[in-house]
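Working notes for the structure below.
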Amino acid sequence: MSLQGALVISAALFGVGLYGVLSQQSFVMIMMGLELMVNGSLVATAGLWLWAAGGSPKGQVLAIVIMTAMAIEAAMGFALVTTIFRSRKADITEKLRRLKL
């Protein structure tokens with residue numbers, strides 16, 4: 001894959017994620033949009049690393065570290081959403097007046 005192809009795919013993922021974050025009210029859909037945005041940045045990072053370093057395995061390790069951070073972020077975010085839903089029965093952002101639990 002060429003650098004231009006990776007950057008186009010990255011921009012598309014980031015754009016769809018940004019649209020999802022800005023247009024949705026459900027916490028789960030906002031989290032999915034954020035994950036798409038991080039995936040887009042990961043594709044761009046991997047593509048740029050492949051282009052700049054010539055396929056060095058250090059770029060692959062960086063991508064794995066970023067994916068691990070994404071998994072931890074998603075787990076913490078869904079735990080927070082579950083806690084908010086259990087305590088306030090709020091599943092969309094409009095029902096949440098303040099963030100104080």
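Chains: A, B, ... in order of the structure tokens. Residues: from 1 per chain. Ligands: from 1, in order shown.
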
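The environment of segment 72-78 of chain A within 8 Å, counting only C-alpha atoms and disregarding residues fewer than 3 places along the same chain, consists of Val28, Met31, Glu35, Thr68, Ala69, Val81 and Thr82 of chain A.
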
>> Please report the interatomic distance between atom CA of Ile66 of chain A and atom CA of Thr83 of chain A in Å with one decimal.
In response: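 Between atom CA of Ile66 of chain A and atom CA of Thr83 of chain A the gap works out to 25.6 Å.
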
>> Taking the DSSP secondary structure from the backbone, can you list the residues of chain A that are helix (DSSP H, G or I), as an NGL selection string?
In response: :A and (3-23 or 27-53 or 57-88 or 93-95)

> Which polymer residues have any atom within 10 Å of an atom of Ala6 of chain A, counting only C-alpha atoms, with same-chain residues fewer than 6 positions away left out, as a list in words?
Replying inline: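 Everything that qualifies: Ala12, Gly40, Val43, Ala44, Thr45, Ala46, Gly47 and Leu48 of chain A.
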
Selection export as a short mmCIF file (atom, residue, chain, number, x, y, z; two decimals), in the first residue's frame, atoms kept: N, CA and C atoms:
```
data_model
loop_
_atom_site.label_atom_id
_atom_site.label_comp_id
_atom_site.auth_asym_id
_atom_site.auth_seq_id
_atom_site.Cartn_x
_atom_site.Cartn_y
_atom_site.Cartn_z
N ALA A 12 -10.45 9.14 5.96
CA ALA A 12 -11.83 8.68 5.90
C ALA A 12 -12.28 8.15 7.26
N GLY A 40 -8.08 5.84 12.88
CA GLY A 40 -7.60 6.63 11.75
C GLY A 40 -6.21 7.18 12.01
N VAL A 43 -3.70 4.28 11.65
CA VAL A 43 -3.39 3.95 10.25
C VAL A 43 -2.42 4.98 9.67
N ALA A 44 -2.64 6.26 9.98
CA ALA A 44 -1.73 7.29 9.49
C ALA A 44 -0.33 7.12 10.08
N THR A 45 -0.26 6.82 11.36
CA THR A 45 1.04 6.62 12.01
C THR A 45 1.77 5.43 11.41
N ALA A 46 1.07 4.32 11.22
CA ALA A 46 1.70 3.13 10.64
C ALA A 46 2.15 3.40 9.20
N GLY A 47 1.33 4.10 8.42
CA GLY A 47 1.70 4.42 7.05
C GLY A 47 2.91 5.34 6.97
N LEU A 48 2.92 6.35 7.81
CA LEU A 48 4.06 7.27 7.83
C LEU A 48 5.33 6.57 8.31
#
```

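For the pair atom CA of Val16 of chain A and atom CA of Ser41 of chain A, the separation is 12.4 Å.
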
For Met67 of chain A, find every residue with an atom within 10 Å (counting only C-alpha atoms), except residues of its own chain fewer than 4 positions away, and show them as an mmCIF file with C-alpha atoms, in the first residue's frame.
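Saved file out.cif follows:
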```
data_model
loop_
_atom_site.group_PDB
_atom_site.id
_atom_site.type_symbol
_atom_site.label_atom_id
_atom_site.label_comp_id
_atom_site.auth_asym_id
_atom_site.auth_seq_id
_atom_site.Cartn_x
_atom_site.Cartn_y
_atom_site.Cartn_z
ATOM 1 C CA VAL A 38 -8.043 6.767 17.081
ATOM 2 C CA ASN A 39 -7.996 3.998 14.458
ATOM 3 C CA LEU A 42 -3.155 4.669 13.986
ATOM 4 C CA VAL A 61 5.713 -2.177 17.987
ATOM 5 C CA LEU A 62 4.411 1.396 18.151
ATOM 6 C CA ALA A 63 1.170 0.310 16.469
ATOM 7 C CA ALA A 71 -8.258 -1.188 24.403
ATOM 8 C CA ILE A 72 -7.595 0.253 27.860
ATOM 9 C CA GLU A 73 -9.294 3.530 26.924
#
```

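Going from atom CA of Ser10 of chain A to atom CA of Leu36 of chain A covers 9.5 Å.
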
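The shortest atom-to-atom distance to Gly15 of chain A, with only C-alpha atoms taken into account, belongs to A:Met37 out of A:Met1, A:Met29, A:Met37, A:Met70.
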
>> Can you tell me which residues surround segment 49-55 of chain A at a distance of at most 9 Å, considering only C-alpha atoms, apart from same-chain residues fewer than 5 positions away, and format the answer as a VMD selection string?
In response: chain A and resid 2 to 3 44 60
